[in-house]
file structure02.tsv (TSV, C-alpha atoms and all ligand atoms)
chain	number	residue	atom	x	y	z
A	1	MET	CA	108.52	394.65	98.13
A	2	THR	CA	108.00	391.18	96.72
A	3	ILE	CA	108.27	387.95	98.69
A	4	PRO	CA	110.85	385.74	96.94
A	5	LYS	CA	109.66	382.58	98.74
A	6	THR	CA	106.93	379.98	98.70
A	7	LEU	CA	104.00	380.78	100.96
A	8	GLY	CA	101.68	378.09	102.30
A	9	VAL	CA	98.27	378.96	103.76
A	10	ILE	CA	96.62	376.27	105.85
A	11	GLY	CA	92.92	377.03	105.57
A	12	GLY	CA	93.54	379.09	102.42
A	13	GLY	CA	89.96	378.43	101.36
A	14	GLY	CA	88.50	380.02	104.50
A	15	TRP	CA	87.23	383.54	105.04
A	16	LEU	CA	90.37	385.13	106.45
A	17	GLY	CA	92.92	382.91	104.67
A	18	GLY	CA	91.26	383.68	101.33
A	19	ALA	CA	91.09	387.40	102.12
A	20	ILE	CA	94.83	387.52	102.92
A	21	VAL	CA	95.72	385.63	99.75
A	22	GLY	CA	93.50	387.96	97.69
A	23	SER	CA	95.09	391.06	99.21
A	24	ILE	CA	98.72	389.99	98.76
A	25	LEU	CA	98.07	388.92	95.16
A	26	ALA	CA	96.35	392.24	94.46
A	27	ALA	CA	99.32	394.09	95.96
A	28	GLY	CA	101.73	392.12	93.74
A	29	LEU	CA	103.65	390.87	96.80
A	30	ILE	CA	103.63	387.34	95.46
A	31	GLN	CA	102.68	385.42	92.31
A	32	PRO	CA	100.06	382.63	92.27
A	33	ASN	CA	102.70	379.98	91.48
A	34	GLN	CA	104.44	380.80	94.78
A	35	LEU	CA	101.31	379.84	96.73
A	36	VAL	CA	100.47	376.47	98.31
A	37	LEU	CA	96.95	376.51	99.76
A	38	SER	CA	95.19	373.82	101.76
A	39	TYR	CA	91.53	373.05	102.22
A	40	ARG	CA	89.64	370.44	104.22
A	41	ARG	CA	86.36	369.59	102.48
A	42	ALA	CA	85.77	371.07	99.01
A	43	ARG	CA	88.65	372.40	96.85
A	44	PRO	CA	87.90	376.11	96.38
A	45	ASP	CA	87.73	377.33	92.79
A	46	ARG	CA	89.90	380.41	93.45
A	47	PHE	CA	93.41	381.74	92.89
A	48	GLU	CA	94.21	380.19	89.53
A	49	GLY	CA	97.85	379.12	89.30
A	50	ALA	CA	98.16	378.39	93.03
A	51	PHE	CA	98.82	374.81	94.17
A	52	TRP	CA	95.89	373.41	96.19
A	53	THR	CA	96.23	370.41	98.48
A	54	ARG	CA	94.36	368.64	101.27
A	55	ASP	CA	97.65	367.44	102.73
A	56	ASN	CA	99.12	369.91	105.22
A	57	ARG	CA	102.36	367.94	105.53
A	58	GLU	CA	102.88	368.38	101.79
A	59	LEU	CA	102.06	372.07	102.15
A	60	ALA	CA	104.66	372.45	104.91
A	61	ALA	CA	107.31	370.60	102.89
A	62	ARG	CA	106.74	372.84	99.85
A	63	SER	CA	106.60	376.15	101.76
A	64	ASP	CA	109.22	378.52	103.23
A	65	ILE	CA	106.57	380.50	105.11
A	66	ILE	CA	103.38	378.99	106.53
A	67	ILE	CA	100.27	380.95	107.50
A	68	VAL	CA	97.99	378.99	109.86
A	69	SER	CA	94.42	380.14	109.25
A	70	VAL	CA	92.24	377.39	110.72
A	71	ARG	CA	89.78	378.02	113.55
A	72	PRO	CA	91.24	377.62	117.04
A	73	GLU	CA	89.17	374.47	117.62
A	74	ASP	CA	90.84	372.85	114.57
A	75	TRP	CA	94.35	373.76	115.75
A	76	PRO	CA	94.90	370.72	118.06
A	77	ALA	CA	94.37	368.32	115.13
A	78	LEU	CA	96.97	370.03	112.92
A	79	ASP	CA	99.98	367.78	112.49
A	80	ILE	CA	102.82	369.31	110.45
A	81	ASP	CA	106.57	369.72	110.74
A	82	ALA	CA	107.61	373.36	110.25
A	83	THR	CA	111.23	372.99	111.36
A	84	ARG	CA	113.33	376.06	110.38
A	85	LYS	CA	110.31	377.77	108.74
A	86	LEU	CA	108.57	381.01	109.52
A	87	VAL	CA	105.06	380.32	110.86
A	88	ILE	CA	102.51	383.13	110.90
A	89	SER	CA	99.34	382.44	112.88
A	90	VAL	CA	96.10	384.38	112.57
A	91	MET	CA	94.34	382.22	115.19
A	92	ALA	CA	92.74	384.05	118.10
A	93	GLY	CA	93.92	382.94	121.52
A	94	ILE	CA	96.65	380.44	120.56
A	95	GLY	CA	99.97	381.51	122.15
A	96	LEU	CA	103.46	381.77	120.63
A	97	ALA	CA	104.88	379.03	122.88
A	98	ASP	CA	102.08	376.61	122.00
A	99	ILE	CA	102.57	377.17	118.26
A	100	ALA	CA	106.38	376.92	118.45
A	101	GLY	CA	106.23	373.76	120.57
A	102	ARG	CA	103.68	371.98	118.38
A	103	LEU	CA	105.13	372.89	114.96
A	104	GLY	CA	108.84	372.51	115.71
A	105	THR	CA	109.98	376.04	114.87
A	106	ASP	CA	110.88	378.98	117.08
A	107	ARG	CA	110.31	381.54	114.29
A	108	VAL	CA	106.65	382.26	115.03
A	109	ILE	CA	104.62	385.43	114.55
A	110	ARG	CA	101.11	385.77	115.98
A	111	THR	CA	98.86	388.20	114.12
A	112	LEU	CA	95.26	389.24	114.62
A	113	PRO	CA	93.69	390.62	111.42
A	114	ASN	CA	89.99	391.28	111.01
A	115	ALA	CA	87.26	390.73	108.43
A	116	ALA	CA	88.08	394.00	106.65
A	117	ALA	CA	91.14	392.22	105.20
A	118	GLU	CA	88.67	391.30	102.48
A	119	VAL	CA	88.65	394.94	101.31
A	120	GLY	CA	92.27	395.73	102.22
A	121	LYS	CA	91.21	397.60	105.39
A	122	SER	CA	92.11	395.25	108.24
A	123	TYR	CA	93.89	396.51	111.33
A	124	THR	CA	96.42	393.81	112.27
A	125	PRO	CA	98.37	393.84	115.54
A	126	TRP	CA	101.13	391.24	115.78
A	127	ILE	CA	103.92	389.95	117.98
A	128	ALA	CA	107.00	387.90	117.11
A	129	SER	CA	108.84	385.20	119.05
A	130	GLY	CA	112.43	385.98	120.08
A	131	ALA	CA	113.92	383.92	117.25
A	132	ALA	CA	112.02	385.69	114.47
A	133	THR	CA	114.45	387.57	112.24
A	134	ALA	CA	114.33	391.14	110.91
A	135	GLU	CA	113.42	389.66	107.51
A	136	ASP	CA	110.54	387.67	109.09
A	137	ARG	CA	109.20	390.88	110.60
A	138	ALA	CA	109.52	392.72	107.28
A	139	ILE	CA	107.54	389.95	105.54
A	140	VAL	CA	104.75	390.16	108.12
A	141	ARG	CA	104.65	393.95	107.80
A	142	ALA	CA	104.40	393.66	104.01
A	143	ILE	CA	101.65	391.00	104.14
A	144	PHE	CA	99.47	392.94	106.57
A	145	ASP	CA	100.14	396.33	104.98
A	146	ALA	CA	98.67	394.72	101.87
A	147	CYS	CA	95.60	393.82	104.00
A	148	GLY	CA	95.30	397.29	105.60
A	149	THR	CA	97.47	398.60	108.44
A	150	GLN	CA	99.54	396.77	111.08
A	151	ASP	CA	101.37	397.36	114.35
A	152	GLU	CA	103.85	395.28	116.31
A	153	VAL	CA	102.58	395.18	119.93
A	154	PRO	CA	104.67	394.71	123.09
A	155	SER	CA	102.95	391.69	124.69
A	156	GLU	CA	100.75	388.66	123.99
A	157	ARG	CA	98.36	390.03	126.60
A	158	ASP	CA	97.88	393.10	124.37
A	159	LEU	CA	97.26	390.81	121.40
A	160	ASP	CA	94.64	388.84	123.36
A	161	TYR	CA	92.96	392.09	124.35
A	162	LEU	CA	93.00	393.31	120.75
A	163	SER	CA	91.41	389.99	119.61
A	164	GLY	CA	88.17	391.16	121.19
A	165	PHE	CA	88.79	394.80	120.25
A	166	SER	CA	89.99	395.13	116.65
A	167	GLY	CA	89.84	391.42	115.68
A	168	THR	CA	86.07	391.85	115.86
A	169	GLY	CA	86.26	394.22	112.85
A	170	PRO	CA	82.88	395.60	111.86
A	171	ALA	CA	80.99	393.83	114.70
A	172	TYR	CA	80.72	396.61	117.29
A	173	PRO	CA	79.98	399.45	114.88
A	174	ALA	CA	77.35	397.09	113.38
A	175	LEU	CA	75.96	396.44	116.89
A	176	LEU	CA	75.48	400.18	117.44
A	177	ALA	CA	74.01	400.58	113.96
A	178	ALA	CA	71.59	397.66	114.53
A	179	ALA	CA	70.39	399.18	117.82
A	180	MET	CA	69.90	402.56	116.11
A	181	MET	CA	68.04	400.95	113.23
A	182	ARG	CA	65.77	399.01	115.60
A	183	ASP	CA	64.89	402.22	117.39
A	184	ALA	CA	64.21	404.08	114.15
A	185	ILE	CA	61.87	401.34	112.91
A	186	ALA	CA	60.09	401.22	116.28
A	187	PHE	CA	59.62	404.99	115.93
A	188	GLY	CA	57.98	404.43	112.54
A	189	VAL	CA	60.77	405.34	110.11
A	190	PRO	CA	60.55	403.09	107.00
A	191	ALA	CA	63.02	400.15	107.31
A	192	ASP	CA	64.82	400.86	104.03
A	193	VAL	CA	65.31	404.52	105.01
A	194	ALA	CA	66.68	403.46	108.43
A	195	ARG	CA	69.07	400.97	106.81
A	196	ARG	CA	70.37	403.45	104.24
A	197	ALA	CA	70.78	406.07	106.96
A	198	VAL	CA	72.79	403.91	109.39
A	199	ASN	CA	74.95	402.44	106.65
A	200	ALA	CA	75.68	405.94	105.33
A	201	ILE	CA	76.67	407.00	108.87
A	202	LEU	CA	79.20	404.13	109.06
A	203	VAL	CA	80.67	404.82	105.63
A	204	GLY	CA	80.79	408.58	106.28
A	205	THR	CA	82.49	408.03	109.65
A	206	GLY	CA	85.12	405.86	107.98
A	207	ARG	CA	85.79	408.39	105.24
A	208	LEU	CA	86.10	411.26	107.75
A	209	LEU	CA	88.45	409.21	109.92
A	210	GLU	CA	90.57	408.34	106.90
A	211	ARG	CA	90.89	412.01	106.02
A	212	GLU	CA	91.40	413.44	109.51
A	213	ASP	CA	92.59	410.52	111.69
A	214	ALA	CA	90.72	412.27	114.53
A	215	LEU	CA	90.85	411.12	118.13
A	216	PRO	CA	87.34	409.70	118.78
A	217	SER	CA	87.09	411.44	122.15
A	218	ASP	CA	87.79	414.79	120.40
A	219	THR	CA	84.90	414.11	118.03
A	220	VAL	CA	82.57	413.36	120.97
A	221	GLU	CA	83.74	416.49	122.81
A	222	ALA	CA	83.20	418.64	119.72
A	223	PHE	CA	79.57	417.46	119.51
A	224	LEU	CA	79.07	418.00	123.25
A	225	ALA	CA	80.50	421.51	123.00
A	226	TYR	CA	78.10	422.30	120.11
A	227	ARG	CA	75.21	421.77	122.58
A	228	GLY	CA	72.80	420.63	119.88
A	229	VAL	CA	70.69	417.56	119.17
A	230	THR	CA	73.69	415.20	119.24
A	231	ALA	CA	74.79	416.33	122.72
A	232	ALA	CA	71.36	415.37	124.09
A	233	GLY	CA	71.74	411.91	122.55
A	234	ILE	CA	75.31	411.38	123.80
A	235	GLU	CA	74.58	412.54	127.36
A	236	THR	CA	71.53	410.29	127.69
A	237	MET	CA	73.31	407.25	126.23
A	238	ARG	CA	76.17	407.79	128.67
A	239	ALA	CA	73.87	408.30	131.65
A	240	SER	CA	72.19	405.01	130.67
A	241	GLY	CA	75.48	403.08	131.02
A	242	PHE	CA	76.85	403.17	127.48
A	243	ASP	CA	80.57	403.35	128.43
A	244	ASP	CA	80.15	400.68	131.12
A	245	ALA	CA	78.37	398.31	128.70
A	246	VAL	CA	81.25	398.71	126.21
A	247	SER	CA	83.89	398.03	128.89
A	248	ARG	CA	82.07	394.94	130.12
A	249	GLY	CA	81.69	393.64	126.57
A	250	LEU	CA	85.39	394.16	125.80
A	251	ARG	CA	86.35	392.39	129.03
A	252	ALA	CA	84.12	389.41	128.13
A	253	ALA	CA	85.70	389.25	124.66
A	254	PHE	CA	89.21	389.35	126.17
A	255	ASP	CA	88.33	386.55	128.63
A	256	LYS	CA	86.97	384.46	125.75
A	257	ALA	CA	90.16	385.02	123.68
A	258	VAL	CA	92.33	383.88	126.60
A	259	ALA	CA	90.07	380.89	127.31
A	260	MET	CA	90.25	379.79	123.64
A	261	GLY	CA	93.98	379.29	124.05
A	262	GLY	CA	93.47	377.31	127.25
A	263	GLY	CA	94.81	380.26	129.31
A	301	LIG	N1	87.19	385.99	110.29
A	301	LIG	C1	87.67	386.95	111.08
A	301	LIG	O1	87.19	388.07	111.10
A	301	LIG	C2	88.85	386.68	111.98
A	301	LIG	C3	89.41	387.72	112.72
A	301	LIG	C4	90.56	387.48	113.51
A	301	LIG	C5	91.10	386.20	113.56
A	301	LIG	N2	90.51	385.21	112.85
A	301	LIG	C6	91.11	383.88	112.94
A	301	LIG	O2	91.30	383.37	111.65
A	301	LIG	C7	91.22	381.95	111.66
A	301	LIG	C8	90.34	381.52	110.49
A	301	LIG	O3	89.06	382.08	110.67
A	301	LIG	P1	88.03	382.22	109.48
A	301	LIG	O4	87.03	383.22	109.90
A	301	LIG	O5	88.73	382.41	108.18
A	301	LIG	O6	87.34	380.77	109.54
A	301	LIG	P2	86.82	379.87	108.33
A	301	LIG	O7	86.19	380.71	107.28
A	301	LIG	O8	86.04	378.77	108.93
A	301	LIG	O9	88.17	379.31	107.71
A	301	LIG	C9	88.89	378.27	108.26
A	301	LIG	C10	89.23	377.34	107.13
A	301	LIG	O10	90.11	376.34	107.60
A	301	LIG	C11	89.79	375.13	106.93
A	301	LIG	N3	90.39	374.03	107.67
A	301	LIG	C12	90.11	373.57	108.91
A	301	LIG	N4	90.93	372.55	109.24
A	301	LIG	C13	91.76	372.40	108.18
A	301	LIG	C14	92.83	371.54	107.91
A	301	LIG	N5	93.22	370.62	108.77
A	301	LIG	N6	93.46	371.66	106.71
A	301	LIG	C15	93.08	372.57	105.79
A	301	LIG	N7	92.08	373.43	106.00
A	301	LIG	C16	91.42	373.34	107.17
A	301	LIG	C17	88.30	375.14	106.92
A	301	LIG	O11	87.85	374.23	105.93
A	301	LIG	P3	86.33	373.68	105.95
A	301	LIG	O12	85.47	374.87	105.55
A	301	LIG	O13	86.34	372.63	104.92
A	301	LIG	O14	86.02	373.24	107.33
A	301	LIG	C18	88.01	376.59	106.56
A	301	LIG	O15	87.99	376.79	105.16
A	301	LIG	C19	90.64	381.58	113.04
A	301	LIG	O16	91.65	380.99	113.82
A	301	LIG	C20	90.20	382.89	113.65
A	301	LIG	O17	90.45	382.93	115.05
A	301	LIG	C21	89.42	385.40	112.06

call {"tool": "encode", "arguments": {"input": "structure02.tsv", "output": "structure tokens"}}
result
Amino acid sequence: MTIPKTLGVIGGGGWLGGAIVGSILAAGLIQPNQLVLSYRRARPDRFEGAFWTRDNRELAARSDIIIVSVRPEDWPALDIDATRKLVISVMAGIGLADIAGRLGTDRVIRTLPNAAAEVGKSYTPWIASGAATAEDRAIVRAIFDACGTQDEVPSERDLDYLSGFSGTGPAYPALLAAAMMRDAIAFGVPADVARRAVNAILVGTGRLLEREDALPSDTVEAFLAYRGVTAAGIETMRASGFDDAVSRGLRAAFDKAVAMGGG
């Protein structure tokens, strides 16, 4: 698929905005001269051939589709008219009704990519407003397939939950890896060995998952059934409150996502 329209990205110089633009250009979904990108402070020296502006009203006027990729705290100051345009938000916590009401369009799609969009491996759940068309949905699927994988979800509540679940990208696996590395160093393992070991575990896990698409609980059960070294580790981590700590953390992240949207 190619997108035969002009695409504006508000915050196109940011982390996620830039990652999305990079991925869709790499996938050949769009050409640089179909892109209108806005920045706030310094004009980024990226995406040759794209039109860069500081003026979001100009961006909206030039674009058929507008991706809003500013931080939620910068959302209230955004003042554009997106009448009759498709607006795609990547902002955590900001609801469909809020976006539609503020920007003057009822064709709104909320998406929640993650940092792995930078390497084309984001998981992106999304939800569309009632007025979004089949073509709007197809465009969103194409954009976020170019960034990794995507799923339409049934409710905004699911999307808010997933903000603190998959929107966090590498954060929780990194949290586990950091705790493991700290323990290894405290035990006396050289720091560079510990770092190479935990990073290799993460990469290896990803590769295995890509090949087998295994259910994580099946993997855990297989190690428990083996009754070896790993089972001792899993059972003690669980007895020490591992699952409960994860649930509490995910709940706190969900509450924060809802609070960011004023909910
Ligand atoms: N990064 C992630 O992993 C992730 C995951 C899920 C969702 N998100 C969502 O993605 C959005 C962007 O996050 P990010 O991580 O990419 O943040 P970021 O790197 O700070 O990017 C935001 C960009 O927006 C620019 N900006 C702010 N106000 C603007 C305006 N009025 N006009 C033009 N540009 C403006 C900022 O410019 P300055 O640098 O000049 O201030 C910055 O470059 C957020 O809403 C976040 O909730 C991010």

call {"tool": "residues_near_ligand", "arguments": {"input": "structure02.tsv", "ligand": "ligand LIG 301 (chain A)", "cutoff": "6 Å", "atoms": "only C-alpha atoms and all ligand atoms", "output": "list in words"}}
result
Ile10, Gly11, Gly13, Gly14, Trp15, Leu16, Gly17, Ser38, Tyr39, Arg40, Arg41, Ser69, Val70, Arg71, Pro72, Asp74, Leu78, Val90, Met91, Ala92, Leu112, Pro113, Asn114, Ala115 and Gly167 of chain A

call {"tool": "atom_distance", "arguments": {"input": "structure02.tsv", "atom1": "CA of Pro173 in chain A", "atom2": "CA of Pro154 in chain A"}}
result
26.4 Å

call {"tool": "atom_distance", "arguments": {"input": "structure02.tsv", "atom1": "CA of Ala77 in chain A", "atom2": "CA of Ser163 in chain A"}}
result
22.3 Å

call {"tool": "residues_around", "arguments": {"input": "structure02.tsv", "residues": "Leu96 in chain A", "least_positions_apart": "2", "cutoff": "8 Å", "atoms": "all atoms listed in the file", "output": "list in words"}}
result
Ile94, Asp98, Ile99, Ala100, Val108, Ile109, Arg110, Ala128 and Ser129 of chain A

call {"tool": "closest_residue", "arguments": {"input": "structure02.tsv", "among": "A:Thr230, A:Leu176, A:Val87, A:Arg211", "to": "Ala245 in chain A", "atoms": "all atoms listed in the file"}}
result
A:Leu176

call {"tool": "residues_around", "arguments": {"input": "structure02.tsv", "residues": "range 28-34 of chain A", "least_positions_apart": "6", "cutoff": "9 Å", "atoms": "all atoms listed in the file", "output": "list in words"}}
result
Met1, Thr2, Ile3, Pro4, Lys5, Thr6, Leu7, Gly8, Phe47, Glu48, Gly49, Ala50, Phe51, Ser63, Ala142, Ile143 and Ala146 of chain A

call {"tool": "atom_distance", "arguments": {"input": "structure02.tsv", "atom1": "CA of Asp79 in chain A", "atom2": "CA of Leu35 in chain A"}}
result
19.9 Å

call {"tool": "residues_around", "arguments": {"input": "structure02.tsv", "residues": "Ile201 in chain A", "least_positions_apart": "4", "cutoff": "12 Å", "atoms": "all atoms listed in the file", "output": "PyMOL selection string"}}
result
chain A and resi 173-174+176-177+180-181+194-197+205-208

call {"tool": "write_last_selection", "arguments": {"input": "structure02.tsv", "atoms": "C-alpha atoms", "output": "mmCIF file, in the coordinates of the input"}}
result
data_model
loop_
_atom_site.group_PDB
_atom_site.id
_atom_site.type_symbol
_atom_site.label_atom_id
_atom_site.label_comp_id
_atom_site.auth_asym_id
_atom_site.auth_seq_id
_atom_site.Cartn_x
_atom_site.Cartn_y
_atom_site.Cartn_z
ATOM 1 C CA PRO A 173 79.980 399.450 114.880
ATOM 2 C CA ALA A 174 77.350 397.090 113.380
ATOM 3 C CA LEU A 176 75.480 400.180 117.440
ATOM 4 C CA ALA A 177 74.010 400.580 113.960
ATOM 5 C CA MET A 180 69.900 402.560 116.110
ATOM 6 C CA MET A 181 68.040 400.950 113.230
ATOM 7 C CA ALA A 194 66.680 403.460 108.430
ATOM 8 C CA ARG A 195 69.070 400.970 106.810
ATOM 9 C CA ARG A 196 70.370 403.450 104.240
ATOM 10 C CA ALA A 197 70.780 406.070 106.960
ATOM 11 C CA THR A 205 82.490 408.030 109.650
ATOM 12 C CA GLY A 206 85.120 405.860 107.980
ATOM 13 C CA ARG A 207 85.790 408.390 105.240
ATOM 14 C CA LEU A 208 86.100 411.260 107.750
#
